[in-house]
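Source file: final_14.txt (compact mmCIF, C-alpha atoms)
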```txt
# COMPACT_ATOMS: atom_id res chain seq x y z
CA MET M 1 116.92 234.82 100.74
CA LYS M 2 114.25 232.48 99.48
CA GLN M 3 115.17 229.40 97.47
CA LEU M 4 112.46 228.36 95.04
CA VAL M 5 112.81 224.84 93.74
CA SER M 6 110.36 223.70 91.12
CA ASN M 7 109.91 221.29 88.29
CA LEU M 8 107.65 222.51 85.51
CA THR M 9 105.17 220.29 83.76
CA LYS M 10 103.86 220.55 80.22
CA ASN M 11 100.50 221.49 81.71
CA PHE M 12 101.78 225.01 82.25
CA GLN M 13 103.26 225.23 78.75
CA VAL M 14 106.58 226.74 79.75
CA ASP M 15 109.71 225.92 77.78
CA LEU M 16 112.47 226.72 80.26
CA ASP M 17 115.32 226.67 77.74
CA ALA M 18 113.46 228.86 75.24
CA SER M 19 112.23 231.33 77.87
CA ILE M 20 115.54 231.73 79.67
CA ASN M 21 117.51 231.77 76.42
CA SER M 22 115.63 234.66 74.86
CA GLY M 23 117.48 237.80 75.91
CA GLN M 24 115.21 238.55 78.85
CA VAL M 25 117.45 237.42 81.72
CA PHE M 26 121.20 237.09 82.24
CA LEU M 27 121.96 235.76 85.73
CA TRP M 28 121.12 232.16 84.91
CA LYS M 29 123.25 229.06 84.46
CA LYS M 30 122.33 225.54 83.43
CA ILE M 31 124.11 222.80 85.34
CA ASN M 32 123.27 219.28 84.20
CA SER M 33 119.46 219.30 83.86
CA LYS M 34 118.77 222.22 86.21
CA TRP M 35 118.63 225.96 85.68
CA TYR M 36 119.92 228.11 88.55
CA GLY M 37 118.80 231.72 88.40
CA ILE M 38 118.94 234.88 90.47
CA ASP M 39 115.85 237.09 90.66
CA GLY M 40 116.55 239.79 93.19
CA GLU M 41 116.86 238.11 96.58
CA ASN M 42 115.41 234.83 95.31
CA VAL M 43 117.26 231.84 93.91
CA LEU M 44 115.22 229.87 91.39
CA VAL M 45 116.20 226.26 90.75
CA LEU M 46 114.17 224.95 87.85
CA GLU M 47 113.85 221.61 86.14
CA LYS M 48 111.16 220.38 83.78
CA ASN M 49 109.08 217.21 83.71
CA SER M 50 107.88 217.10 87.29
CA LYS M 51 105.31 218.83 89.48
CA PHE M 52 105.00 222.62 89.63
CA ASP M 53 103.30 223.89 92.76
CA GLN M 54 100.85 226.57 91.61
CA SER M 55 100.54 227.78 95.19
CA GLU M 56 104.09 229.15 94.99
CA LYS M 57 103.19 232.70 94.07
CA THR M 58 106.73 233.85 93.26
CA LEU M 59 107.20 231.25 90.54
CA PHE M 60 103.64 231.72 89.34
CA ASN M 61 104.30 235.44 88.94
CA PHE M 62 107.77 234.99 87.44
CA PHE M 63 106.39 232.97 84.53
CA ARG M 64 103.33 235.23 84.17
CA LEU M 65 101.01 232.26 84.53
CA ASP M 66 98.24 234.72 85.34
CA ASP M 67 98.32 235.90 81.70
CA ASP M 68 95.72 234.32 79.44
CA PHE M 69 98.40 233.02 77.12
CA LYS M 70 95.95 231.02 75.02
CA LYS M 71 93.99 234.18 74.24
CA ILE M 72 97.15 236.25 73.68
CA SER M 73 98.56 233.62 71.33
CA TYR M 74 95.30 233.47 69.38
CA GLU M 75 95.35 237.23 68.84
CA LEU M 76 99.02 237.33 67.90
CA LYS M 77 98.68 234.52 65.38
CA LYS M 78 96.52 236.74 63.21
CA ASP M 79 99.88 238.07 61.99
CA LYS M 80 101.43 235.38 59.78
CA ILE M 81 105.03 236.19 60.71
CA VAL M 82 104.32 236.10 64.44
CA ARG M 83 102.35 232.88 63.88
CA LYS M 84 105.49 231.30 62.42
CA ALA M 85 107.58 232.60 65.35
CA ILE M 86 105.14 231.13 67.87
CA GLU M 87 105.10 227.79 66.05
CA LEU M 88 108.91 227.64 66.36
CA ASN M 89 108.79 228.30 70.13
CA PRO M 90 105.21 227.63 71.25
CA ASN M 91 106.01 227.55 74.96
CA LEU M 92 108.22 230.62 75.15
CA ARG M 93 107.00 232.89 77.92
CA LEU M 94 107.60 236.47 78.99
CA LEU M 95 109.21 236.61 82.43
CA ARG M 96 108.12 238.99 85.18
CA GLN M 97 111.39 239.97 86.83
CA ASN M 98 112.55 241.71 89.96
CA PRO M 99 112.32 245.38 88.89
CA PHE M 100 115.60 246.64 90.35
CA GLN M 101 117.60 243.75 88.90
CA CYS M 102 115.91 244.22 85.52
CA TYR M 103 116.52 247.99 85.66
CA ILE M 104 120.26 247.64 86.32
CA SER M 105 120.66 244.66 83.98
CA PHE M 106 119.40 246.53 80.95
CA ILE M 107 121.45 249.63 81.75
CA VAL M 108 124.45 247.28 81.74
CA SER M 109 123.22 245.70 78.48
CA SER M 110 123.57 248.93 76.48
CA ASN M 111 125.87 248.46 73.46
CA SER M 112 127.01 245.05 74.67
CA ASN M 113 126.43 241.35 73.94
CA ILE M 114 124.84 238.65 76.04
CA SER M 115 128.08 236.98 77.21
CA ASN M 116 129.59 240.31 78.35
CA ILE M 117 126.36 241.38 80.03
CA GLN M 118 126.20 238.07 81.89
CA MET M 119 129.84 238.32 82.99
CA SER M 120 129.53 241.93 84.20
CA LEU M 121 126.34 241.25 86.16
CA HIS M 122 127.86 238.14 87.73
CA LYS M 123 130.86 240.21 88.89
CA LEU M 124 128.51 242.89 90.23
CA CYS M 125 126.63 240.26 92.27
CA LYS M 126 129.82 238.59 93.47
CA LYS M 127 131.27 241.91 94.68
CA PHE M 128 128.15 243.48 96.20
CA GLY M 129 125.60 240.68 96.65
CA LYS M 130 125.08 238.12 99.40
CA LYS M 131 126.69 234.72 98.84
CA VAL M 132 124.51 231.61 99.15
CA ILE M 133 125.33 227.96 98.58
CA ILE M 134 122.77 225.87 96.69
CA ASP M 135 123.39 222.22 95.79
CA GLY M 136 127.07 222.80 96.53
CA PHE M 137 127.33 225.77 94.12
CA ASP M 138 128.25 229.31 95.13
CA LEU M 139 125.59 231.77 94.00
CA PHE M 140 125.30 235.51 94.65
CA LEU M 141 122.05 237.40 95.13
CA PHE M 142 121.48 240.67 93.31
CA PRO M 143 122.74 243.64 95.35
CA LYS M 144 120.29 246.00 96.99
CA PRO M 145 120.00 249.56 95.61
CA ASN M 146 121.65 251.21 98.63
CA VAL M 147 124.70 248.93 98.41
CA ILE M 148 125.46 249.89 94.81
CA ALA M 149 124.50 253.52 95.44
CA LYS M 150 127.06 253.81 98.25
CA ALA M 151 129.85 252.06 96.31
CA SER M 152 132.55 254.08 94.61
CA ILE M 153 132.76 254.35 90.82
CA THR M 154 136.15 252.60 91.02
CA GLU M 155 134.62 249.62 92.86
CA ILE M 156 131.81 249.35 90.31
CA GLN M 157 134.26 249.62 87.40
CA LYS M 158 136.09 246.56 88.72
CA CYS M 159 133.00 244.56 87.72
CA GLY M 160 133.75 245.25 84.06
CA LEU M 161 130.99 247.82 83.55
CA GLY M 162 133.29 250.43 81.99
CA TYR M 163 131.56 253.70 81.11
CA ARG M 164 128.24 252.25 82.37
CA SER M 165 129.55 252.34 85.95
CA LYS M 166 128.47 255.96 86.51
CA SER M 167 125.00 255.22 85.15
CA VAL M 168 124.63 252.13 87.37
CA LYS M 169 125.59 254.11 90.48
CA SER M 170 123.37 257.05 89.52
CA ALA M 171 120.43 254.75 88.74
CA SER M 172 120.83 253.01 92.09
CA LEU M 173 120.89 256.37 93.88
CA SER M 174 117.64 257.28 92.12
CA VAL M 175 115.98 254.19 93.58
CA MET M 176 117.48 254.70 97.03
CA ASN M 177 116.28 258.33 97.24
CA GLY M 178 112.81 257.51 95.87
CA GLU M 179 113.16 259.29 92.55
CA ILE M 180 112.43 255.95 90.90
CA ASP M 181 109.61 253.99 92.56
CA PHE M 182 108.86 250.78 90.71
CA GLU M 183 105.44 250.24 92.27
CA HIS M 184 104.46 253.76 91.22
CA LEU M 185 105.77 253.17 87.69
CA LYS M 186 103.61 250.05 87.39
CA LYS M 187 100.53 252.19 87.99
CA LEU M 188 101.43 254.77 85.35
CA ASP M 189 100.50 254.41 81.69
CA TYR M 190 103.17 253.43 79.17
CA TYR M 191 104.26 256.92 78.10
CA ASN M 192 104.35 258.43 81.58
CA ALA M 193 106.34 255.49 82.95
CA LYS M 194 108.75 255.78 80.04
CA ARG M 195 109.14 259.52 80.62
CA GLU M 196 110.18 258.85 84.22
CA LEU M 197 112.64 256.12 83.29
CA THR M 198 114.34 258.04 80.50
CA LYS M 199 115.21 260.83 82.94
CA ILE M 200 117.79 258.42 84.36
CA SER M 201 121.31 258.41 82.93
CA GLY M 202 121.90 255.32 80.78
CA ILE M 203 118.23 254.74 79.96
CA GLY M 204 117.08 255.45 76.44
CA ASN M 205 114.02 254.21 74.57
CA LYS M 206 115.17 250.62 74.09
CA VAL M 207 116.39 250.12 77.67
CA ALA M 208 113.23 251.73 79.06
CA ASP M 209 111.05 249.42 76.95
CA CYS M 210 112.94 246.35 78.20
CA ILE M 211 112.52 247.41 81.83
CA MET M 212 108.82 248.15 81.32
CA LEU M 213 108.10 244.94 79.41
CA PHE M 214 110.02 242.54 81.66
CA SER M 215 109.27 244.02 85.07
CA LEU M 216 106.71 246.85 85.07
CA GLU M 217 103.58 245.30 83.52
CA LYS M 218 103.74 247.28 80.24
CA LEU M 219 102.94 244.58 77.69
CA GLU M 220 102.65 247.20 74.94
CA ALA M 221 106.37 247.97 75.33
CA PHE M 222 108.26 246.89 72.21
CA PRO M 223 112.07 247.18 72.61
CA LEU M 224 113.64 248.35 69.37
CA ASP M 225 117.29 247.39 68.97
CA ARG M 226 119.13 246.66 65.71
CA TRP M 227 117.65 243.16 65.64
CA MET M 228 114.08 244.37 65.90
CA LEU M 229 114.61 247.18 63.39
CA ARG M 230 116.05 244.58 61.01
CA ILE M 231 113.01 242.36 61.57
CA LEU M 232 110.60 245.21 60.86
CA GLN M 233 112.42 246.05 57.62
CA LYS M 234 112.68 242.41 56.61
CA TYR M 235 109.10 241.27 57.23
CA TYR M 236 107.06 244.48 57.54
CA THR M 237 108.38 246.91 54.93
CA LYS M 238 104.88 248.20 54.12
CA GLU M 239 103.61 248.47 57.67
CA PHE M 240 106.69 250.00 59.31
CA LYS M 241 108.76 251.70 56.66
CA ILE M 242 111.62 253.68 58.19
CA SER M 243 113.06 256.30 55.88
CA THR M 244 115.73 257.78 58.16
CA LYS M 245 118.99 256.25 59.42
CA THR M 246 118.55 257.71 62.89
CA ILE M 247 115.33 257.39 64.86
CA THR M 248 114.33 260.62 66.55
CA GLU M 249 112.14 260.73 69.65
CA LYS M 250 109.11 261.67 67.55
CA THR M 251 109.86 258.94 64.98
CA HIS M 252 110.19 256.39 67.77
CA GLU M 253 106.89 257.44 69.32
CA ASN M 254 105.07 257.27 65.99
CA LEU M 255 106.63 253.89 65.22
CA HIS M 256 105.61 252.53 68.62
CA ASP M 257 102.02 253.69 68.10
CA ARG M 258 101.88 251.93 64.72
CA ILE M 259 103.40 248.78 66.22
CA VAL M 260 100.74 248.65 68.97
CA GLN M 261 98.02 249.34 66.43
CA HIS M 262 99.30 246.42 64.33
CA PHE M 263 100.15 243.82 67.00
CA GLY M 264 97.72 244.89 69.71
CA CYS M 265 98.11 245.79 73.37
CA GLN M 266 100.28 242.70 73.97
CA ALA M 267 102.80 243.82 71.34
CA GLY M 268 105.62 242.94 73.76
CA TYR M 269 104.78 239.26 73.39
CA ALA M 270 105.05 239.59 69.60
CA GLN M 271 108.42 241.30 70.00
CA GLN M 272 109.78 238.46 72.11
CA PHE M 273 108.69 235.73 69.69
CA LEU M 274 110.07 237.64 66.69
CA PHE M 275 113.35 238.41 68.47
CA LYS M 276 113.82 234.77 69.48
CA MET M 277 113.07 233.53 65.96
CA GLU M 278 115.43 235.90 64.19
CA ARG M 279 118.35 235.43 66.58
CA GLU M 280 118.13 231.67 66.19
CA LEU M 281 117.89 231.90 62.41
CA HIS M 282 121.29 233.61 62.63
CA LYS M 283 122.53 230.98 65.11
CA LYS M 284 123.37 233.56 67.76
CA LYS M 285 124.49 232.33 71.16
CA TRP M 286 122.47 232.65 74.34
CA LEU M 287 123.43 231.78 77.94
```
Can the structure in the file be given as structure tokens, please?
Amino acid sequence: MKQLVSNLTKNFQVDLDASINSGQVFLWKKINSKWYGIDGENVLVLEKNSKFDQSEKTLFNFFRLDDDFKKISYELKKDKIVRKAIELNPNLRLLRQNPFQCYISFIVSSNSNISNIQMSLHKLCKKFGKKVIIDGFDLFLFPKPNVIAKASITEIQKCGLGYRSKSVKSASLSVMNGEIDFEHLKKLDYYNAKRELTKISGIGNKVADCIMLFSLEKLEAFPLDRWMLRILQKYYTKEFKISTKTITEKTHENLHDRIVQHFGCQAGYAQQFLFKMERELHKKKWL
């Protein structure tokens, strides 16, 4: 276990509260002025307004500080709606997460809400993860694939995962036996990586896009849940008109292609700003 303690400065243009409270991560808790987060086998303890050591590669990677955010923001602001969303949260960042944790987290997230997702994942970590004590607080690292894969469905169900328990076990087995190789998926193009992920029980288009955007370097991924479909119909009726109630595989593929054509190859950044804006307009709760 590696504990990463850092204080972020404005020089790096990272708004911790906005970035953590944006639907990307779930195993985080704010205590007083500090955020405590689990990212795989790392514990991140973050506080703003002090020095951030750029030499710490894990934190540098986690906040995607290697992205040319100034250039990305400039391109995205050509769209007036995204420009407004960026102005509301100018220092919101995409987070580059531990792939296995991200993979399981978004399988658990299916048809749920943020508070339930957070609670279920915390129970999963407490039951199967290693306990560490940081600043006097008990924290639990994310379990390794083989630990969950070897657990019984009954044990996993006790974490409050319900019907998702079978998918979580099956998905973990797929990682343990090499069927899912995250480093390999990073090297594939968007559609081939998605094809591999959606072979796994519990992973549909939206979950696959979240996994690819937040952990597998696919910035063109654009997760489409009810919030994003509502946003597209609210602000982009001409560009992305959807005439059917259900989105077929072909409709989803065509819609994704039009989204990337409109927003560019960093469409995932646009998605995150739009999602954050709309959720907060409706005063929805985060962590």
Extract, using only C-alpha atoms, all DNA, RNA and protein residues at most 8 Å from Ile211 of chain M, discarding same-chain residues fewer than 4 positions from it, and format them as an MDAnalysis selection string.
-> chainID M and resid 99 102:103 106 207 215:216
Do you know which residues are at most 12 Å from Val147 of chain M counting only C-alpha atoms, after dropping those on the same chain fewer than 5 positions away, and could you put them as a list in words?
-> Leu124, Cys125, Lys127, Phe128, Gly129, Lys130, Phe142, Ser152, Glu155, Ile156, Val168, Lys169, Ser172, Leu173, Val175 and Met176 of chain M
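Relative to atom CA of Gln266 of chain M, atom CA of Gln24 of chain M is found at 16.2 Å.
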Counting all atoms listed in the file, figure out which residue out of M:Asn192, M:Asn205, M:Thr198, M:Asn89 gets nearest to Ser22 of chain M.
-> M:Asn89
For Arg64 of chain M, which residue among M:Leu92, M:Leu197, M:Leu188, M:Ala18 is the nearest when counting all atoms listed in the file?
->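 So, comparing all the options, the nearest one is M:Leu92.
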Using all atoms listed in the file, which residues sit within 12 Å of Lys218 of chain M once same-chain residues fewer than 6 positions away are excluded, as a list in words?
-> Leu94, Arg96, Leu185, Lys186, Lys187, Leu188, Asp189, Tyr190, Tyr191, Asn192, Ala193, Lys194, Ala208, Asp209, Cys210, Ile211, Met212, Val260, Cys265, Gln266, Ala267, Gly268 and Tyr269 of chain M
Keeping only C-alpha atoms, take the residues you just selected and write them out as an mmCIF file, in the coordinates of the input.
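Output (result-v5.cif):
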```
data_model
loop_
_atom_site.group_PDB
_atom_site.id
_atom_site.type_symbol
_atom_site.label_atom_id
_atom_site.label_comp_id
_atom_site.auth_asym_id
_atom_site.auth_seq_id
_atom_site.Cartn_x
_atom_site.Cartn_y
_atom_site.Cartn_z
ATOM 1 C CA LEU M 94 107.600 236.470 78.990
ATOM 2 C CA ARG M 96 108.120 238.990 85.180
ATOM 3 C CA LEU M 185 105.770 253.170 87.690
ATOM 4 C CA LYS M 186 103.610 250.050 87.390
ATOM 5 C CA LYS M 187 100.530 252.190 87.990
ATOM 6 C CA LEU M 188 101.430 254.770 85.350
ATOM 7 C CA ASP M 189 100.500 254.410 81.690
ATOM 8 C CA TYR M 190 103.170 253.430 79.170
ATOM 9 C CA TYR M 191 104.260 256.920 78.100
ATOM 10 C CA ASN M 192 104.350 258.430 81.580
ATOM 11 C CA ALA M 193 106.340 255.490 82.950
ATOM 12 C CA LYS M 194 108.750 255.780 80.040
ATOM 13 C CA ALA M 208 113.230 251.730 79.060
ATOM 14 C CA ASP M 209 111.050 249.420 76.950
ATOM 15 C CA CYS M 210 112.940 246.350 78.200
ATOM 16 C CA ILE M 211 112.520 247.410 81.830
ATOM 17 C CA MET M 212 108.820 248.150 81.320
ATOM 18 C CA VAL M 260 100.740 248.650 68.970
ATOM 19 C CA CYS M 265 98.110 245.790 73.370
ATOM 20 C CA GLN M 266 100.280 242.700 73.970
ATOM 21 C CA ALA M 267 102.800 243.820 71.340
ATOM 22 C CA GLY M 268 105.620 242.940 73.760
ATOM 23 C CA TYR M 269 104.780 239.260 73.390
#
```
Please provide the set of residues having any atom within 9 Å of Ser105 of chain M, restricted to only C-alpha atoms, with same-chain residues fewer than 6 positions apart removed, written as a list in words.
->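 Skipping anything fewer than 6 positions along the chain leaves Val25, Phe26, Ile117, Gln118, Leu121 and Ile211 of chain M.
Between atom CA of His122 of chain M and atom CA of Lys30 of chain M the separation is 14.4 Å.
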Gly162 of chain M: which residues within 12 Å, counting all atoms listed in the file, same-chain residues fewer than 2 positions away excluded, as a ChimeraX atom specification?
-> /M:107-112,116-117,120,153-160,164-168
What is the distance between atom CA of Arg279 of chain M and atom CA of Phe240 of chain M, in Å to one decimal?
->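 Value for the atom CA of Arg279 of chain M-atom CA of Phe240 of chain M distance: 20.0 Å.
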Identify which of the residues M:Phe263, M:Phe182, M:Tyr74, M:Tyr163 lies closest to Glu217 of chain M, counting all atoms listed in the file when measuring atom-to-atom distances.
->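 Distance minimum relative to Glu217 of chain M lands on M:Phe182.
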Using all atoms listed in the file, which residue out of M:Glu196, M:Trp35, M:Lys123, M:Gly40 lies closest to Lys144 of chain M?
->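 For Lys144 of chain M, the nearest of the given residues is M:Gly40.
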Nearest to Thr58 of chain M, restricted to all atoms listed in the file and choosing among M:Ile231, M:His282, M:Ser19, M:Asn98, comes out as M:Asn98
Restricting the calculation to all atoms listed in the file, which member of M:Ile259, M:Ile133, M:Ile148, M:Leu161 is positioned closest to Phe100 of chain M?
-> M:Ile148
